[in-house]
Amino acid sequence: MATTPTDYLRQTHHEFLEASEGALASPSLQLILGKLGDTLGKRNRDAWEALPESDAIRQRARNIKDETLAHLAEHLETLEASVVARGGKVHWAADAAEARKIVVGLIQQRGATRVVKSKSMTSEEIHLNPALEAAGIETTETDLGEYIIQLAGHRPSHIVGPALHLSAQEVAEILSKPAGQRLPAEREILAAFARQALRQKFAEAEVGISGANFAIAETGSIVLVTNEGNGRLTCALPKCHIALMGMEKVIPKLADLPYFLKVLARGATGQKLSVYTQIITGPRRAGELDGPEEFHLVILDNGRSRILGSPLRESLFCIRCGACLNACPIYRSVGGHAYGGVYSGPIGAVLTPLYDGLAANHHLPHASSLCGACQAACPVKIQIPQMLVQLREELHHEPGQQSRWESLAYRLWAQSLRRPWLYRLGTWLAARTLGRWKRKSPWLTRLPGKLAGWTAKRDFPAPAAERFRDWWAQEGREEGHDEARSEGQHES
Ligand code: SF4
């Protein structure tokens with residue numbers, strides 16, 4: 001089937017490089033991404049500066065994650081017991097297919113056909129919406145950004161701003177279709193239309209599906225952090241609430257939660273606290289005025305147990321705030337869709353190969369300059385650059401992933417480091433050949449052969465015409481002459 005330049009907005013598992021070309025060629029996307037560092041990125045940085053002892057709080061949140069993962073099975077068992085004690089039910093899903101089957105089965109067993117959803121990256125990870133649609137279940141995303149991209153048939157382009165890639169004009173065009181009239185590109189008017197359209201869906205829905213930012217083992221509660229009221233309506237209005245969480249979302253105690261609320265809001269949007277923090281503990285109890293009659297918690301593994309025992313365990317610390325995306329020069333150039341997976345940006349470049357296979361996503365570990373901006377921005381200080389290097393190393397051992405040229409280059413490099421005379425010869429040759437350009441310009445604008453890929457997008461610094469060792473030796477000789485001369489003068 002022929003592809004269009006914007007197909008990557010919808011498809012997963014495409015080539016990163018090809019999709020990046022499409023993103024770089026889109027003026028409207030470049031305009032949006034160009035502002036990201038001064039909007040969300042600046043808010044993230046300002047929020048840390050304004051928080052006293054922010055470093056200690058981030059470190060505490062990181063330590064809690066680390067300690068929880070060390071005893072994960074124990075905390076998950078406590079969570080299950082607490083959920084059951086409060087009238088809920090827990091379902092365990094080994095992979096995405098099992099999670100989809102559980103959710104679809106729960107809806108069908110209740111004879112339900114209409115579902116509302118609040119924002120959930122885990123539901124994106126298991127590709128839940130296509131499974132619900134295939135089962136004839138009408139599914140409505142109720143987060144404004146998710147609602148817009150559902151209508152457009154796009155995938156989320158940012159962890160906290162799924163419709164970030166769309167301009168106000170594009171949003172107006174998308175919403176004008178269900179509105180049956182041309183809506184102006186005015187924020188209030190567009191939000192008012194979405195609110196009115198969604199209220200009806202809330203009233204009709206039989207099941208509400210949410211994610212969970214955290215799950216508290218001690219109390220059996222799930223925590224939802226949002227800036228829109230849709231999450232509360234999704235969990236409270238329908239008779240049945242199904243929450244879906246990755247198994248790493250558990251935290252041991254209610255007292256641990258404030259650390260995460262502080263760092264999540266600041267990392268996500270630069271707020272001190274998100275507008276709505278819901279702590280949901282089981283279904284409606286006798287005497288309560290609202291809430292669902294049933295509460296189901298689906299706990300997803302989908303490769304997490306495997307990652308837990310690997311050198312990439314730290315990726316399970318991620319609280320999905322999106323701060324690393326806002327800080328990353330690659331994300332800010334190509335946007336989220338280019339990454340191909342559900343998770344984008346620096347953490348997506350780690351998670352997508354882990355969940356969807358390294359060989360199938362072989363460009364992603366290289367989609368980074370390893371500048372470290374992601375790690376500096378991350379509220380739980382995840383060492384993303386180190387994990388990307390680890391994935392690059394693992395990629396080297398994947399069948400069919402070795403580049404002959406790259407292997408040759410590294411072999412030559414290793415040989416020259418072992419033999420000083422070879423290293424000296426190499427630098428001498430580079431200075432004699434490439435160094436000639438230096439006299440004309442400090443930059444090489446076109447490199448030959450395989451190296452042309454570098455200069456297709458940026459210049460390469462020309463090697464110095466004179467090697468450092470030659471300059472040093474020359475300086476030494478001149479100094480020796482000077483000293484000899486001055487000593488001679490002194491003697492005379
Ligand atoms: S890696 Fe860190 S900064 Fe990136 S989404 Fe996860 S928690 Fe946020």
# chains A, B, ... in the order shown; residues from 1 in each chain; ligands from 1
>>> residues_near_ligand(ligand="ligand 1", cutoff="8 Å", atoms="only C-alpha atoms and all ligand atoms", output="CSV table (one decimal) with N, CA and C atoms, in the first residue's frame")
chain,number,residue,atom,x,y,z
A,159,ILE,N,4.0,12.4,26.0
A,159,ILE,CA,3.4,11.7,27.1
A,159,ILE,C,2.3,12.4,27.8
A,264,LEU,N,6.1,14.8,40.1
A,264,LEU,CA,5.3,14.5,38.9
A,264,LEU,C,4.8,15.8,38.3
A,267,GLY,N,7.6,17.9,36.9
A,267,GLY,CA,8.2,17.3,35.7
A,267,GLY,C,7.3,17.4,34.5
A,268,ALA,N,6.0,17.3,34.8
A,268,ALA,CA,5.0,17.2,33.7
A,268,ALA,C,4.7,18.6,33.1
A,315,SER,N,14.8,1.8,34.0
A,315,SER,CA,13.7,2.3,33.1
A,315,SER,C,12.4,2.2,33.8
A,317,PHE,N,11.8,3.0,36.8
A,317,PHE,CA,11.6,4.1,37.7
A,317,PHE,C,10.6,5.2,37.1
A,318,CYS,N,10.5,5.1,35.7
A,318,CYS,CA,9.8,6.2,35.0
A,318,CYS,C,8.4,6.5,35.5
A,319,ILE,N,8.1,7.7,35.8
A,319,ILE,CA,6.7,8.1,36.2
A,319,ILE,C,5.9,8.8,35.1
A,320,ARG,N,6.5,8.7,33.9
A,320,ARG,CA,5.7,9.2,32.7
A,320,ARG,C,5.4,10.7,32.8
A,321,CYS,N,6.3,11.5,33.1
A,321,CYS,CA,6.0,12.9,33.3
A,321,CYS,C,6.3,13.7,32.0
A,322,GLY,N,7.2,13.2,31.1
A,322,GLY,CA,7.5,13.8,29.8
A,322,GLY,C,8.6,14.9,29.9
A,323,ALA,N,9.2,15.1,31.1
A,323,ALA,CA,10.2,16.2,31.2
A,323,ALA,C,11.4,15.9,30.3
A,324,CYS,N,11.7,14.6,30.1
A,324,CYS,CA,12.9,14.3,29.3
A,324,CYS,C,12.6,14.7,27.8
A,325,LEU,N,11.4,14.6,27.4
A,325,LEU,CA,11.0,14.9,26.0
A,325,LEU,C,11.2,16.4,25.8
A,345,GLY,N,10.5,10.2,22.7
A,345,GLY,CA,11.6,11.0,23.3
A,345,GLY,C,12.7,10.1,23.9
A,346,PRO,N,13.5,10.6,24.7
A,346,PRO,CA,14.6,9.8,25.2
A,346,PRO,C,14.2,8.5,26.0
A,347,ILE,N,13.2,8.6,26.8
A,347,ILE,CA,12.7,7.4,27.5
A,347,ILE,C,12.0,6.4,26.5
A,374,CYS,N,18.3,14.9,29.2
A,374,CYS,CA,17.2,14.1,29.7
A,374,CYS,C,17.3,13.7,31.1
A,375,GLN,N,18.5,13.3,31.4
A,375,GLN,CA,18.8,12.8,32.8
A,375,GLN,C,18.7,14.0,33.8
A,377,ALA,N,16.8,16.6,33.5
A,377,ALA,CA,15.4,17.0,33.6
A,377,ALA,C,14.6,16.0,34.3
A,378,CYS,N,15.0,14.7,34.4
A,378,CYS,CA,14.2,13.7,34.9
A,378,CYS,C,14.0,13.8,36.4
A,379,PRO,N,12.7,13.8,36.9
A,379,PRO,CA,12.5,14.0,38.3
A,379,PRO,C,13.0,12.9,39.2
A,380,VAL,N,13.2,11.7,38.6
A,380,VAL,CA,13.7,10.6,39.4
A,380,VAL,C,15.1,10.2,38.9
A,381,LYS,N,15.7,11.2,38.2
A,381,LYS,CA,17.2,11.1,37.8
A,381,LYS,C,17.5,9.8,37.1
A,382,ILE,N,16.7,9.3,36.2
A,382,ILE,CA,17.0,8.1,35.5
A,382,ILE,C,18.2,8.3,34.5
A,384,ILE,N,19.3,7.9,31.6
A,384,ILE,CA,18.9,7.5,30.2
A,384,ILE,C,20.1,7.4,29.3
>>> select_by_dssp(residues="region 48-145 of chain A", states="alpha helix (DSSP H)", output="ChimeraX atom specification")
/A:48-50,54-70,72-85,96-109,121-125,128-134,144-145
>>> closest_residue(among="A:Leu351, A:Ala94, A:Ala373, A:Leu412", to="Leu391 (chain A)", atoms="only C-alpha atoms")
A:Leu351
>>> closest_residue(among="A:Ala265, A:Ala215, A:Val342, A:Val115", to="Pro252 (chain A)", atoms="only C-alpha atoms")
A:Ala215
>>> closest_residue(among="A:Asp470, A:Gly87, A:Ala452, A:Lys65", to="Arg313 (chain A)", atoms="only C-alpha atoms")
A:Lys65
>>> residues_around(residues="Phe16 (chain A)", least_positions_apart="3", cutoff="10 Å", atoms="only C-alpha atoms", output="MDAnalysis selection string")
chainID A and resid 8 13 19:21 334 337:341 361:364 367
>>> write_last_selection(atoms="C-alpha atoms", output="short mmCIF file (atom, residue, chain, number, x, y, z; two decimals), in the first residue's frame")
data_model
loop_
_atom_site.label_atom_id
_atom_site.label_comp_id
_atom_site.auth_asym_id
_atom_site.auth_seq_id
_atom_site.Cartn_x
_atom_site.Cartn_y
_atom_site.Cartn_z
CA TYR A 8 3.79 8.04 10.52
CA HIS A 13 6.90 0.45 13.93
CA ALA A 19 9.66 9.59 9.74
CA SER A 20 12.17 12.18 10.99
CA GLU A 21 12.54 13.47 7.44
CA VAL A 334 11.41 15.60 15.15
CA HIS A 337 5.59 10.36 16.14
CA ALA A 338 8.99 9.81 14.54
CA TYR A 339 9.93 7.41 17.33
CA GLY A 340 7.32 4.93 16.13
CA GLY A 341 6.38 3.51 19.51
CA ASN A 361 13.68 -0.51 16.62
CA HIS A 362 17.39 -0.43 15.90
CA HIS A 363 17.54 3.31 15.13
CA LEU A 364 16.15 4.37 18.50
CA ALA A 367 18.44 8.74 18.28
#
>>> select_by_dssp(residues="region 112-303 of chain A", states="strand (DSSP E)", output="PyMOL selection string")
chain A and resi 114-117+138-141+207-210+214-216+221-226+240-246+250-251+276-280+294-300
>>> write_last_selection(atoms="C-alpha atoms", output="mmCIF file, in the first residue's frame")
data_model
loop_
_atom_site.group_PDB
_atom_site.id
_atom_site.type_symbol
_atom_site.label_atom_id
_atom_site.label_comp_id
_atom_site.auth_asym_id
_atom_site.auth_seq_id
_atom_site.Cartn_x
_atom_site.Cartn_y
_atom_site.Cartn_z
ATOM 1 C CA ARG A 114 -20.329 2.055 25.572
ATOM 2 C CA VAL A 115 -17.092 2.940 27.309
ATOM 3 C CA VAL A 116 -15.412 6.195 28.317
ATOM 4 C CA LYS A 117 -11.674 6.369 28.896
ATOM 5 C CA GLU A 138 -17.999 2.255 21.356
ATOM 6 C CA THR A 139 -14.996 3.865 23.049
ATOM 7 C CA THR A 140 -14.625 7.576 23.714
ATOM 8 C CA GLU A 141 -11.401 9.191 24.889
ATOM 9 C CA VAL A 207 -17.873 1.233 31.887
ATOM 10 C CA GLY A 208 -15.082 3.718 32.651
ATOM 11 C CA ILE A 209 -11.453 2.823 31.891
ATOM 12 C CA SER A 210 -8.536 4.665 33.461
ATOM 13 C CA PHE A 214 0.491 5.158 41.219
ATOM 14 C CA ALA A 215 -1.027 2.308 43.209
ATOM 15 C CA ILE A 216 -0.603 2.247 46.978
ATOM 16 C CA SER A 221 -5.797 2.704 46.270
ATOM 17 C CA ILE A 222 -4.970 3.900 42.796
ATOM 18 C CA VAL A 223 -3.928 7.508 42.271
ATOM 19 C CA LEU A 224 -4.903 9.522 39.212
ATOM 20 C CA VAL A 225 -3.227 12.870 38.548
ATOM 21 C CA THR A 226 -4.875 15.060 35.909
ATOM 22 C CA CYS A 240 -17.992 -0.333 36.469
ATOM 23 C CA HIS A 241 -14.465 1.091 36.694
ATOM 24 C CA ILE A 242 -11.519 -0.774 35.151
ATOM 25 C CA ALA A 243 -8.065 0.607 35.981
ATOM 26 C CA LEU A 244 -5.030 -0.548 34.044
ATOM 27 C CA MET A 245 -1.492 -0.215 35.414
ATOM 28 C CA GLY A 246 2.024 -1.421 34.696
ATOM 29 C CA VAL A 250 3.085 0.309 42.878
ATOM 30 C CA ILE A 251 4.433 2.290 45.831
ATOM 31 C CA TYR A 276 -6.952 17.005 40.281
ATOM 32 C CA THR A 277 -5.386 14.305 42.432
ATOM 33 C CA GLN A 278 -7.799 11.439 42.952
ATOM 34 C CA ILE A 279 -7.125 8.632 45.380
ATOM 35 C CA ILE A 280 -9.599 5.884 44.530
ATOM 36 C CA GLU A 294 -17.476 -2.540 40.654
ATOM 37 C CA PHE A 295 -13.758 -1.834 40.661
ATOM 38 C CA HIS A 296 -11.271 -3.945 38.687
ATOM 39 C CA LEU A 297 -7.507 -3.441 38.664
ATOM 40 C CA VAL A 298 -5.582 -4.978 35.755
ATOM 41 C CA ILE A 299 -1.862 -5.303 36.544
ATOM 42 C CA LEU A 300 0.304 -5.610 33.439
#
>>> closest_residue(among="A:Lys450, A:Arg285, A:His397, A:His165", to="Ser26 (chain A)", atoms="only C-alpha atoms")
A:His165
>>> residues_around(residues="Pro258 (chain A)", least_positions_apart="6", cutoff="10 Å", atoms="only C-alpha atoms", output="list in words")
Ile57, Ala61, Leu264 and Leu273 of chain A
>>> write_last_selection(atoms="C-alpha atoms", output="PDB file, in the first residue's frame")
ATOM      1  CA  ILE A  57      13.048  15.309  47.140  1.00  0.00           C
ATOM      2  CA  ALA A  61      11.459   9.600  45.079  1.00  0.00           C
ATOM      3  CA  LEU A 264       5.341  14.499  38.861  1.00  0.00           C
ATOM      4  CA  LEU A 273       0.465  20.262  42.089  1.00  0.00           C
TER       5      LEU A 273
END
>>> residues_around(residues="Leu316 (chain A)", least_positions_apart="5", cutoff="8 Å", atoms="only C-alpha atoms", output="PDB file with N, CA and C atoms, in the first residue's frame")
ATOM      1  N   GLU A 248       5.084  -1.750  37.671  1.00  0.00           N
ATOM      2  CA  GLU A 248       6.084  -0.908  38.352  1.00  0.00           C
ATOM      3  C   GLU A 248       5.453   0.319  39.015  1.00  0.00           C
ATOM      4  N   ARG A 304       7.997  -6.422  31.821  1.00  0.00           N
ATOM      5  CA  ARG A 304       8.595  -5.701  32.955  1.00  0.00           C
ATOM      6  C   ARG A 304       9.400  -6.635  33.868  1.00  0.00           C
ATOM      7  N   ILE A 307      12.724  -6.997  32.364  1.00  0.00           N
ATOM      8  CA  ILE A 307      13.524  -5.768  32.491  1.00  0.00           C
ATOM      9  C   ILE A 307      14.033  -5.615  33.925  1.00  0.00           C
ATOM     10  N   LEU A 308      13.212  -6.059  34.872  1.00  0.00           N
ATOM     11  CA  LEU A 308      13.567  -5.949  36.302  1.00  0.00           C
ATOM     12  C   LEU A 308      14.904  -6.619  36.613  1.00  0.00           C
TER      13      LEU A 308
END
>>> atom_distance(atom1="CA of Leu151 (chain A)", atom2="CA of Arg100 (chain A)")
21.6 Å
>>> atom_distance(atom1="CA of Ala194 (chain A)", atom2="CA of His154 (chain A)")
17.3 Å
>>> residues_around(residues="Leu312 (chain A)", least_positions_apart="6", cutoff="10 Å", atoms="only C-alpha atoms", output="mmCIF file with C-alpha atoms, in the first residue's frame")
data_model
loop_
_atom_site.group_PDB
_atom_site.id
_atom_site.type_symbol
_atom_site.label_atom_id
_atom_site.label_comp_id
_atom_site.auth_asym_id
_atom_site.auth_seq_id
_atom_site.Cartn_x
_atom_site.Cartn_y
_atom_site.Cartn_z
ATOM 1 C CA ARG A 306 12.361 -9.407 32.306
ATOM 2 C CA VAL A 350 14.752 3.027 25.748
ATOM 3 C CA LEU A 351 11.238 1.650 26.366
ATOM 4 C CA LEU A 354 12.569 -3.052 25.410
ATOM 5 C CA GLN A 383 20.343 7.584 33.751
ATOM 6 C CA ILE A 384 18.886 7.542 30.249
ATOM 7 C CA GLN A 386 23.781 5.203 30.090
ATOM 8 C CA MET A 387 20.843 2.964 29.136
ATOM 9 C CA LEU A 388 21.018 4.096 25.502
ATOM 10 C CA GLN A 390 23.818 -0.215 26.952
ATOM 11 C CA LEU A 391 21.198 -0.785 24.219
#
>>> residues_around(residues="Gly270 (chain A)", least_positions_apart="4", cutoff="12 Å", atoms="only C-alpha atoms", output="PDB file with N, CA and C atoms, in the first residue's frame")
ATOM      1  N   THR A  39       8.459  26.840  26.566  1.00  0.00           N
ATOM      2  CA  THR A  39       7.157  26.715  27.245  1.00  0.00           C
ATOM      3  C   THR A  39       7.260  25.623  28.309  1.00  0.00           C
ATOM      4  N   LEU A  40       6.933  24.391  27.926  1.00  0.00           N
ATOM      5  CA  LEU A  40       6.974  23.300  28.918  1.00  0.00           C
ATOM      6  C   LEU A  40       8.365  23.118  29.528  1.00  0.00           C
ATOM      7  N   GLY A  41       9.400  23.164  28.687  1.00  0.00           N
ATOM      8  CA  GLY A  41      10.771  22.961  29.166  1.00  0.00           C
ATOM      9  C   GLY A  41      11.148  24.016  30.206  1.00  0.00           C
ATOM     10  N   LYS A  42      10.811  25.277  29.921  1.00  0.00           N
ATOM     11  CA  LYS A  42      11.160  26.353  30.867  1.00  0.00           C
ATOM     12  C   LYS A  42      10.358  26.199  32.164  1.00  0.00           C
ATOM     13  N   ARG A  43       9.086  25.814  32.017  1.00  0.00           N
ATOM     14  CA  ARG A  43       8.259  25.630  33.229  1.00  0.00           C
ATOM     15  C   ARG A  43       8.853  24.540  34.112  1.00  0.00           C
ATOM     16  N   ASN A  44       9.334  23.459  33.501  1.00  0.00           N
ATOM     17  CA  ASN A  44       9.967  22.374  34.278  1.00  0.00           C
ATOM     18  C   ASN A  44      11.171  22.912  35.046  1.00  0.00           C
ATOM     19  N   ARG A  45      12.031  23.659  34.338  1.00  0.00           N
ATOM     20  CA  ARG A  45      13.268  24.151  34.981  1.00  0.00           C
ATOM     21  C   ARG A  45      12.938  25.142  36.100  1.00  0.00           C
ATOM     22  N   ASP A  46      12.004  26.065  35.811  1.00  0.00           N
ATOM     23  CA  ASP A  46      11.637  27.072  36.832  1.00  0.00           C
ATOM     24  C   ASP A  46      11.047  26.399  38.069  1.00  0.00           C
ATOM     25  N   ALA A  47      10.268  25.327  37.841  1.00  0.00           N
ATOM     26  CA  ALA A  47       9.610  24.643  38.972  1.00  0.00           C
ATOM     27  C   ALA A  47      10.646  24.036  39.905  1.00  0.00           C
ATOM     28  N   TRP A  48      11.721  23.450  39.343  1.00  0.00           N
ATOM     29  CA  TRP A  48      12.758  22.876  40.215  1.00  0.00           C
ATOM     30  C   TRP A  48      13.482  23.965  40.989  1.00  0.00           C
ATOM     31  N   GLU A  49      13.747  25.082  40.291  1.00  0.00           N
ATOM     32  CA  GLU A  49      14.460  26.177  40.963  1.00  0.00           C
ATOM     33  C   GLU A  49      13.667  26.726  42.131  1.00  0.00           C
ATOM     34  N   ALA A  50      12.327  26.765  41.967  1.00  0.00           N
ATOM     35  CA  ALA A  50      11.486  27.369  43.001  1.00  0.00           C
ATOM     36  C   ALA A  50      11.200  26.413  44.166  1.00  0.00           C
ATOM     37  N   LEU A  51      11.565  25.155  44.030  1.00  0.00           N
ATOM     38  CA  LEU A  51      11.256  24.179  45.091  1.00  0.00           C
ATOM     39  C   LEU A  51      12.461  24.011  46.016  1.00  0.00           C
ATOM     40  N   VAL A 160       2.523  13.732  28.038  1.00  0.00           N
ATOM     41  CA  VAL A 160       1.470  14.488  28.737  1.00  0.00           C
ATOM     42  C   VAL A 160       0.642  15.381  27.805  1.00  0.00           C
ATOM     43  N   LEU A 261       3.933  13.138  44.048  1.00  0.00           N
ATOM     44  CA  LEU A 261       3.037  14.197  43.567  1.00  0.00           C
ATOM     45  C   LEU A 261       3.837  15.477  43.305  1.00  0.00           C
ATOM     46  N   LYS A 262       4.803  15.751  44.194  1.00  0.00           N
ATOM     47  CA  LYS A 262       5.631  16.951  44.016  1.00  0.00           C
ATOM     48  C   LYS A 262       6.454  16.872  42.744  1.00  0.00           C
ATOM     49  N   VAL A 263       7.084  15.739  42.494  1.00  0.00           N
ATOM     50  CA  VAL A 263       7.984  15.669  41.338  1.00  0.00           C
ATOM     51  C   VAL A 263       7.223  15.437  40.029  1.00  0.00           C
ATOM     52  N   LEU A 264       6.095  14.760  40.098  1.00  0.00           N
ATOM     53  CA  LEU A 264       5.341  14.499  38.861  1.00  0.00           C
ATOM     54  C   LEU A 264       4.778  15.799  38.281  1.00  0.00           C
ATOM     55  N   ALA A 265       4.130  16.601  39.114  1.00  0.00           N
ATOM     56  CA  ALA A 265       3.511  17.842  38.611  1.00  0.00           C
ATOM     57  C   ALA A 265       4.582  18.774  38.038  1.00  0.00           C
ATOM     58  N   ARG A 266       5.699  18.876  38.728  1.00  0.00           N
ATOM     59  CA  ARG A 266       6.770  19.772  38.264  1.00  0.00           C
ATOM     60  C   ARG A 266       7.411  19.242  36.986  1.00  0.00           C
ATOM     61  N   SER A 274      -0.784  19.100  40.360  1.00  0.00           N
ATOM     62  CA  SER A 274      -1.759  19.068  39.261  1.00  0.00           C
ATOM     63  C   SER A 274      -3.135  19.428  39.813  1.00  0.00           C
ATOM     64  N   VAL A 275      -4.049  19.804  38.925  1.00  0.00           N
ATOM     65  CA  VAL A 275      -5.337  20.343  39.389  1.00  0.00           C
ATOM     66  C   VAL A 275      -6.156  19.278  40.145  1.00  0.00           C
ATOM     67  N   CYS A 321       6.341  11.484  33.139  1.00  0.00           N
ATOM     68  CA  CYS A 321       6.044  12.915  33.265  1.00  0.00           C
ATOM     69  C   CYS A 321       6.306  13.668  31.974  1.00  0.00           C
ATOM     70  N   GLY A 322       7.184  13.154  31.134  1.00  0.00           N
ATOM     71  CA  GLY A 322       7.457  13.809  29.843  1.00  0.00           C
ATOM     72  C   GLY A 322       8.555  14.870  29.896  1.00  0.00           C
ATOM     73  N   ALA A 323       9.157  15.117  31.061  1.00  0.00           N
ATOM     74  CA  ALA A 323      10.172  16.188  31.157  1.00  0.00           C
ATOM     75  C   ALA A 323      11.370  15.920  30.251  1.00  0.00           C
ATOM     76  N   ASN A 326      10.765  17.230  26.727  1.00  0.00           N
ATOM     77  CA  ASN A 326      10.862  18.684  26.570  1.00  0.00           C
ATOM     78  C   ASN A 326      12.314  19.155  26.538  1.00  0.00           C
ATOM     79  N   ALA A 377      16.830  16.576  33.456  1.00  0.00           N
ATOM     80  CA  ALA A 377      15.429  17.003  33.589  1.00  0.00           C
ATOM     81  C   ALA A 377      14.585  15.986  34.341  1.00  0.00           C
ATOM     82  N   PRO A 379      12.718  13.843  36.899  1.00  0.00           N
ATOM     83  CA  PRO A 379      12.455  14.022  38.330  1.00  0.00           C
ATOM     84  C   PRO A 379      13.018  12.892  39.181  1.00  0.00           C
TER      85      PRO A 379
END
>>> atom_distance(atom1="CA of Lys457 (chain A)", atom2="CA of Tyr423 (chain A)")
29.1 Å
>>> closest_residue(among="A:Ser82, A:Thr281, A:Gln271, A:Ser310", to="Ala236 (chain A)", atoms="only C-alpha atoms")
A:Thr281
>>> closest_residue(among="A:Ala197, A:Ala360, A:Ala192, A:Val83", to="Leu395 (chain A)", atoms="only C-alpha atoms")
A:Ala360
